[in-house]
Amino acid sequence: LVGTFFLFFSLLEDSGYFPRLALLVDRAFKRMGLSGRAVIPMVLGFACDTMATMVTRTLETRRERVLATLLLALAIPCSAQLGVILALLAGQPLALAAWGGTVLGTFVLIGWLGARVIPGRAPVFHMELPPLRRPRLGNVMVKTYTRMQWYFLEVLPLFLAASVLLWAGQLTGAFGAVVDLLRPVVQALGLPADAARIFLFGFFRRDYGAAGLYDLHSQGALDPAQLAVAAVTLTLFVPCIAQFLMMVRERGIRTALGMLAFITPFAFGVGFTLNLLLGWIR
């Protein structure tokens, strides 16, 4: 999935389209405390949020880097999670609309509020527009290969560490205790108690959480409204541990923990509110 994304990303980049995209979104992004330059990590987030968090270091100001990191952690699903969720919701158009509208609304709202709460100077955006051109195959392949190499060197060790922690948590029984603590929370969202496991797994690997949601749906344990609530909450839920470790490395432990403390109750709060709204509609 990531390799395919990098291939198409390189095609767009070599064509000269990205500077134009940055120019197009600059005015909207300015309202969220970002410049058009932030479109690059945002687009990369749809491949892997861990890598996109690393790319935020190219943004000009600390305020912009913090805002971009928060939005990536909160409202940008990675390719593995996005693929499973879209496959789940494809047959439920109302659930798909509820998921897409809520996640997009959250992105805009938190960006707008963050631009007014987080101190710092507003970003300035200047970029020269290169001519549009036909991508060259050699350039595209070199860029794709370089990014895949970078991905394996920087991100794969974090995913391996997350898998080891996941195995250790299951082996020691620590996961069982955490799942028991999460059961009342997910039941307050109108979800079955077994959904607690997918949220815990989603912290260690986002695709594991989405796969658990797929299993519950396959067993007939979720109706369309529950599916929408679970998909929204899982998307907004805390980023995977690999992304969290990258946040610590790029933004510092205090900032990363602050984001974690905000995202966790916010995700469940949005899920609880959506469950109430869908309950009234039903």
# chains A, B, ... in the order shown; residues from 1 in each chain; ligands from 1
>>> residues_around(residues="Phe159 (chain A)", least_positions_apart="4", cutoff="12 Å", atoms="only C-alpha atoms", output="PDB file with N, CA and C atoms, in the first residue's frame")
ATOM      1  N   CYS A  48       1.304   7.043   5.366  1.00  0.00           N
ATOM      2  CA  CYS A  48       1.745   6.639   6.708  1.00  0.00           C
ATOM      3  C   CYS A  48       1.897   7.891   7.553  1.00  0.00           C
ATOM      4  N   THR A  50       3.138   8.168  10.457  1.00  0.00           N
ATOM      5  CA  THR A  50       4.439   8.201  11.130  1.00  0.00           C
ATOM      6  C   THR A  50       5.458   8.942  10.278  1.00  0.00           C
ATOM      7  N   MET A  51       5.509   8.597   9.003  1.00  0.00           N
ATOM      8  CA  MET A  51       6.435   9.255   8.090  1.00  0.00           C
ATOM      9  C   MET A  51       6.038  10.715   7.877  1.00  0.00           C
ATOM     10  N   TYR A 151      11.591   4.829   4.228  1.00  0.00           N
ATOM     11  CA  TYR A 151      10.507   4.272   5.030  1.00  0.00           C
ATOM     12  C   TYR A 151      10.989   3.063   5.839  1.00  0.00           C
ATOM     13  N   PHE A 152      11.704   2.163   5.187  1.00  0.00           N
ATOM     14  CA  PHE A 152      12.169   0.964   5.881  1.00  0.00           C
ATOM     15  C   PHE A 152      13.191   1.291   6.968  1.00  0.00           C
ATOM     16  N   LEU A 153      14.061   2.257   6.692  1.00  0.00           N
ATOM     17  CA  LEU A 153      15.090   2.597   7.674  1.00  0.00           C
ATOM     18  C   LEU A 153      14.529   3.346   8.875  1.00  0.00           C
ATOM     19  N   GLU A 154      13.573   4.257   8.646  1.00  0.00           N
ATOM     20  CA  GLU A 154      13.077   5.132   9.708  1.00  0.00           C
ATOM     21  C   GLU A 154      11.855   4.566  10.428  1.00  0.00           C
ATOM     22  N   VAL A 155      10.933   3.972   9.679  1.00  0.00           N
ATOM     23  CA  VAL A 155       9.626   3.639  10.234  1.00  0.00           C
ATOM     24  C   VAL A 155       9.486   2.163  10.586  1.00  0.00           C
ATOM     25  N   SER A 163       4.996  -4.272  17.375  1.00  0.00           N
ATOM     26  CA  SER A 163       4.565  -5.668  17.320  1.00  0.00           C
ATOM     27  C   SER A 163       5.108  -6.469  18.504  1.00  0.00           C
ATOM     28  N   VAL A 164       6.348  -6.181  18.906  1.00  0.00           N
ATOM     29  CA  VAL A 164       6.918  -6.860  20.079  1.00  0.00           C
ATOM     30  C   VAL A 164       6.142  -6.489  21.342  1.00  0.00           C
ATOM     31  N   LEU A 165       5.816  -5.213  21.497  1.00  0.00           N
ATOM     32  CA  LEU A 165       5.026  -4.782  22.659  1.00  0.00           C
ATOM     33  C   LEU A 165       3.646  -5.423  22.656  1.00  0.00           C
ATOM     34  N   LEU A 166       3.056  -5.541  21.479  1.00  0.00           N
ATOM     35  CA  LEU A 166       1.754  -6.184  21.352  1.00  0.00           C
ATOM     36  C   LEU A 166       1.826  -7.643  21.796  1.00  0.00           C
ATOM     37  N   PHE A 203      -4.058   1.166  18.944  1.00  0.00           N
ATOM     38  CA  PHE A 203      -2.968   1.999  19.432  1.00  0.00           C
ATOM     39  C   PHE A 203      -1.616   1.429  19.030  1.00  0.00           C
ATOM     40  N   PHE A 204      -1.508   0.123  18.994  1.00  0.00           N
ATOM     41  CA  PHE A 204      -0.233  -0.486  18.637  1.00  0.00           C
ATOM     42  C   PHE A 204      -0.048  -0.567  17.127  1.00  0.00           C
ATOM     43  N   ARG A 205      -1.120  -0.849  16.407  1.00  0.00           N
ATOM     44  CA  ARG A 205      -1.071  -0.836  14.942  1.00  0.00           C
ATOM     45  C   ARG A 205      -2.440  -0.424  14.449  1.00  0.00           C
ATOM     46  N   ARG A 206      -2.529   0.680  13.738  1.00  0.00           N
ATOM     47  CA  ARG A 206      -3.829   1.171  13.280  1.00  0.00           C
ATOM     48  C   ARG A 206      -4.547   0.154  12.408  1.00  0.00           C
ATOM     49  N   ASP A 207      -3.791  -0.562  11.574  1.00  0.00           N
ATOM     50  CA  ASP A 207      -4.430  -1.552  10.716  1.00  0.00           C
ATOM     51  C   ASP A 207      -4.990  -2.715  11.526  1.00  0.00           C
ATOM     52  N   TYR A 208      -4.362  -3.052  12.674  1.00  0.00           N
ATOM     53  CA  TYR A 208      -4.910  -4.099  13.542  1.00  0.00           C
ATOM     54  C   TYR A 208      -6.280  -3.691  14.066  1.00  0.00           C
ATOM     55  N   CYS A 240      -1.178   5.409  16.324  1.00  0.00           N
ATOM     56  CA  CYS A 240      -0.474   4.173  16.680  1.00  0.00           C
ATOM     57  C   CYS A 240       0.821   4.517  17.423  1.00  0.00           C
ATOM     58  N   ILE A 241       1.352   3.526  18.110  1.00  0.00           N
ATOM     59  CA  ILE A 241       2.517   3.765  18.973  1.00  0.00           C
ATOM     60  C   ILE A 241       3.732   4.208  18.155  1.00  0.00           C
ATOM     61  N   ALA A 242       3.831   3.732  16.898  1.00  0.00           N
ATOM     62  CA  ALA A 242       4.948   4.167  16.051  1.00  0.00           C
ATOM     63  C   ALA A 242       4.853   5.665  15.774  1.00  0.00           C
ATOM     64  N   GLN A 243       3.648   6.144  15.480  1.00  0.00           N
ATOM     65  CA  GLN A 243       3.474   7.575  15.250  1.00  0.00           C
ATOM     66  C   GLN A 243       3.707   8.359  16.537  1.00  0.00           C
ATOM     67  N   PHE A 244       3.252   7.812  17.664  1.00  0.00           N
ATOM     68  CA  PHE A 244       3.468   8.501  18.938  1.00  0.00           C
ATOM     69  C   PHE A 244       4.964   8.639  19.238  1.00  0.00           C
ATOM     70  N   LEU A 245       5.722   7.587  18.979  1.00  0.00           N
ATOM     71  CA  LEU A 245       7.165   7.660  19.207  1.00  0.00           C
ATOM     72  C   LEU A 245       7.810   8.696  18.282  1.00  0.00           C
ATOM     73  N   MET A 246       7.304   8.800  17.049  1.00  0.00           N
ATOM     74  CA  MET A 246       7.818   9.814  16.134  1.00  0.00           C
ATOM     75  C   MET A 246       7.437  11.208  16.625  1.00  0.00           C
TER      76      MET A 246
END
>>> residues_around(residues="Thr146 (chain A)", least_positions_apart="4", cutoff="12 Å", atoms="only C-alpha atoms", output="PyMOL selection string")
chain A and resi 3+6-7+10+139-142+150-153
>>> residues_around(residues="Gly120 (chain A)", least_positions_apart="5", cutoff="10 Å", atoms="only C-alpha atoms", output="VMD selection string")
chain A and resid 33 61 to 64 115
>>> residues_around(residues="Thr69 (chain A)", least_positions_apart="2", cutoff="8 Å", atoms="only C-alpha atoms", output="list in words")
Thr53, Thr56, Arg65, Val66, Leu67, Leu71, Leu72, Ala73 and Met247 of chain A
>>> write_last_selection(atoms="N, CA, C and O atoms", output="compact mmCIF listing (two decimals), in the first residue's frame")
# COMPACT_ATOMS: atom_id res chain seq x y z
N THR A 53 4.59 12.68 9.97
CA THR A 53 4.99 13.44 11.16
C THR A 53 6.45 13.86 11.05
O THR A 53 6.83 14.97 11.44
N THR A 56 6.93 16.92 8.80
CA THR A 56 6.52 18.23 9.32
C THR A 56 7.72 19.09 9.73
O THR A 56 7.57 20.30 9.89
N ARG A 65 4.39 23.44 12.86
CA ARG A 65 4.77 22.04 13.02
C ARG A 65 3.90 21.34 14.06
O ARG A 65 3.50 20.18 13.88
N VAL A 66 3.61 22.03 15.17
CA VAL A 66 2.76 21.44 16.22
C VAL A 66 1.34 21.23 15.70
O VAL A 66 0.73 20.17 15.91
N LEU A 67 0.79 22.23 15.01
CA LEU A 67 -0.56 22.11 14.46
C LEU A 67 -0.66 20.97 13.45
O LEU A 67 -1.61 20.18 13.48
N LEU A 71 -3.01 17.57 13.79
CA LEU A 71 -4.02 17.21 12.80
C LEU A 71 -3.73 15.84 12.18
O LEU A 71 -4.65 15.07 11.90
N LEU A 72 -2.46 15.53 11.98
CA LEU A 72 -2.10 14.20 11.46
C LEU A 72 -2.48 13.11 12.46
O LEU A 72 -2.99 12.05 12.09
N ALA A 73 -2.23 13.37 13.74
CA ALA A 73 -2.53 12.37 14.76
C ALA A 73 -4.02 12.19 14.96
O ALA A 73 -4.48 11.10 15.32
N MET A 247 6.24 11.35 17.20
CA MET A 247 5.83 12.64 17.77
C MET A 247 6.77 13.04 18.91
O MET A 247 7.15 14.20 19.05
>>> residues_around(residues="Gly101 (chain A)", least_positions_apart="5", cutoff="12 Å", atoms="only C-alpha atoms", output="JSON list (two decimals) with all heavy atoms, in the first residue's frame")
[["chain", "number", "residue", "atom", "x", "y", "z"],
["A", 75, "ALA", "N", -6.91, 13.39, 12.68],
["A", 75, "ALA", "CA", -7.94, 13.30, 11.65],
["A", 75, "ALA", "C", -7.46, 12.82, 10.29],
["A", 75, "ALA", "O", -8.20, 12.94, 9.31],
["A", 75, "ALA", "CB", -8.62, 14.66, 11.49],
["A", 93, "PRO", "N", -23.94, 3.69, 2.58],
["A", 93, "PRO", "CA", -23.67, 5.08, 2.18],
["A", 93, "PRO", "C", -23.94, 6.10, 3.27],
["A", 93, "PRO", "O", -23.20, 7.09, 3.37],
["A", 93, "PRO", "CB", -24.61, 5.29, 0.98],
["A", 93, "PRO", "CG", -25.63, 4.20, 1.06],
["A", 93, "PRO", "CD", -24.95, 3.05, 1.71],
["A", 94, "LEU", "N", -24.95, 5.90, 4.11],
["A", 94, "LEU", "CA", -25.22, 6.86, 5.18],
["A", 94, "LEU", "C", -24.12, 6.81, 6.24],
["A", 94, "LEU", "O", -23.69, 7.85, 6.76],
["A", 94, "LEU", "CB", -26.59, 6.58, 5.81],
["A", 94, "LEU", "CG", -27.79, 6.82, 4.89],
["A", 94, "LEU", "CD1", -29.10, 6.50, 5.64],
["A", 94, "LEU", "CD2", -27.82, 8.27, 4.39],
["A", 95, "ALA", "N", -23.66, 5.61, 6.56],
["A", 95, "ALA", "CA", -22.56, 5.47, 7.52],
["A", 95, "ALA", "C", -21.28, 6.08, 6.95],
["A", 95, "ALA", "O", -20.52, 6.73, 7.67],
["A", 95, "ALA", "CB", -22.34, 3.99, 7.85],
["A", 96, "LEU", "N", -21.06, 5.90, 5.65],
["A", 96, "LEU", "CA", -19.88, 6.49, 4.99],
["A", 96, "LEU", "C", -19.94, 8.01, 5.04],
["A", 96, "LEU", "O", -18.93, 8.68, 5.31],
["A", 96, "LEU", "CB", -19.79, 5.99, 3.55],
["A", 96, "LEU", "CG", -18.63, 6.50, 2.71],
["A", 96, "LEU", "CD1", -17.29, 6.09, 3.32],
["A", 96, "LEU", "CD2", -18.73, 5.99, 1.28],
["A", 106, "THR", "N", -14.03, 17.57, 11.93],
["A", 106, "THR", "CA", -13.07, 17.60, 13.03],
["A", 106, "THR", "C", -11.75, 18.23, 12.59],
["A", 106, "THR", "O", -11.16, 19.04, 13.32],
["A", 106, "THR", "CB", -12.82, 16.17, 13.56],
["A", 106, "THR", "OG1", -14.05, 15.65, 14.07],
["A", 106, "THR", "CG2", -11.77, 16.17, 14.65],
["A", 107, "PHE", "N", -11.28, 17.86, 11.40],
["A", 107, "PHE", "CA", -10.04, 18.42, 10.87],
["A", 107, "PHE", "C", -10.13, 19.95, 10.79],
["A", 107, "PHE", "O", -9.22, 20.66, 11.25],
["A", 107, "PHE", "CB", -9.77, 17.82, 9.49],
["A", 107, "PHE", "CG", -8.52, 18.31, 8.83],
["A", 107, "PHE", "CD1", -7.31, 17.69, 9.05],
["A", 107, "PHE", "CD2", -8.56, 19.40, 7.96],
["A", 107, "PHE", "CE1", -6.14, 18.14, 8.44],
["A", 107, "PHE", "CE2", -7.41, 19.86, 7.34],
["A", 107, "PHE", "CZ", -6.20, 19.23, 7.58],
["A", 108, "VAL", "N", -11.22, 20.45, 10.22],
["A", 108, "VAL", "CA", -11.39, 21.89, 10.05],
["A", 108, "VAL", "C", -11.55, 22.58, 11.40],
["A", 108, "VAL", "O", -10.93, 23.62, 11.66],
["A", 108, "VAL", "CB", -12.59, 22.18, 9.13],
["A", 108, "VAL", "CG1", -12.87, 23.68, 9.07],
["A", 108, "VAL", "CG2", -12.34, 21.63, 7.73],
["A", 109, "LEU", "N", -12.39, 22.03, 12.28],
["A", 109, "LEU", "CA", -12.67, 22.66, 13.57],
["A", 109, "LEU", "C", -11.43, 22.73, 14.45],
["A", 109, "LEU", "O", -11.10, 23.80, 15.00],
["A", 109, "LEU", "CB", -13.78, 21.89, 14.30],
["A", 109, "LEU", "CG", -14.11, 22.37, 15.72],
["A", 109, "LEU", "CD1", -14.66, 23.79, 15.69],
["A", 109, "LEU", "CD2", -15.08, 21.42, 16.40],
["A", 228, "ALA", "N", -20.73, 3.22, 11.94],
["A", 228, "ALA", "CA", -20.30, 4.61, 11.74],
["A", 228, "ALA", "C", -19.63, 5.16, 12.99],
["A", 228, "ALA", "O", -18.57, 5.80, 12.92],
["A", 228, "ALA", "CB", -21.50, 5.49, 11.35],
["A", 232, "VAL", "N", -15.66, 6.24, 13.15],
["A", 232, "VAL", "CA", -15.27, 7.61, 13.50],
["A", 232, "VAL", "C", -14.36, 7.62, 14.72],
["A", 232, "VAL", "O", -13.30, 8.27, 14.73],
["A", 232, "VAL", "CB", -16.53, 8.47, 13.75],
["A", 232, "VAL", "CG1", -16.16, 9.78, 14.45],
["A", 232, "VAL", "CG2", -17.24, 8.76, 12.44],
["A", 274, "LEU", "N", -21.93, 11.47, 18.35],
["A", 274, "LEU", "CA", -22.44, 10.90, 17.10],
["A", 274, "LEU", "C", -23.44, 9.79, 17.37],
["A", 274, "LEU", "O", -24.47, 9.68, 16.68],
["A", 274, "LEU", "CB", -21.28, 10.37, 16.25],
["A", 274, "LEU", "CG", -21.65, 9.79, 14.88],
["A", 274, "LEU", "CD1", -22.29, 10.86, 13.99],
["A", 274, "LEU", "CD2", -20.42, 9.19, 14.20]]
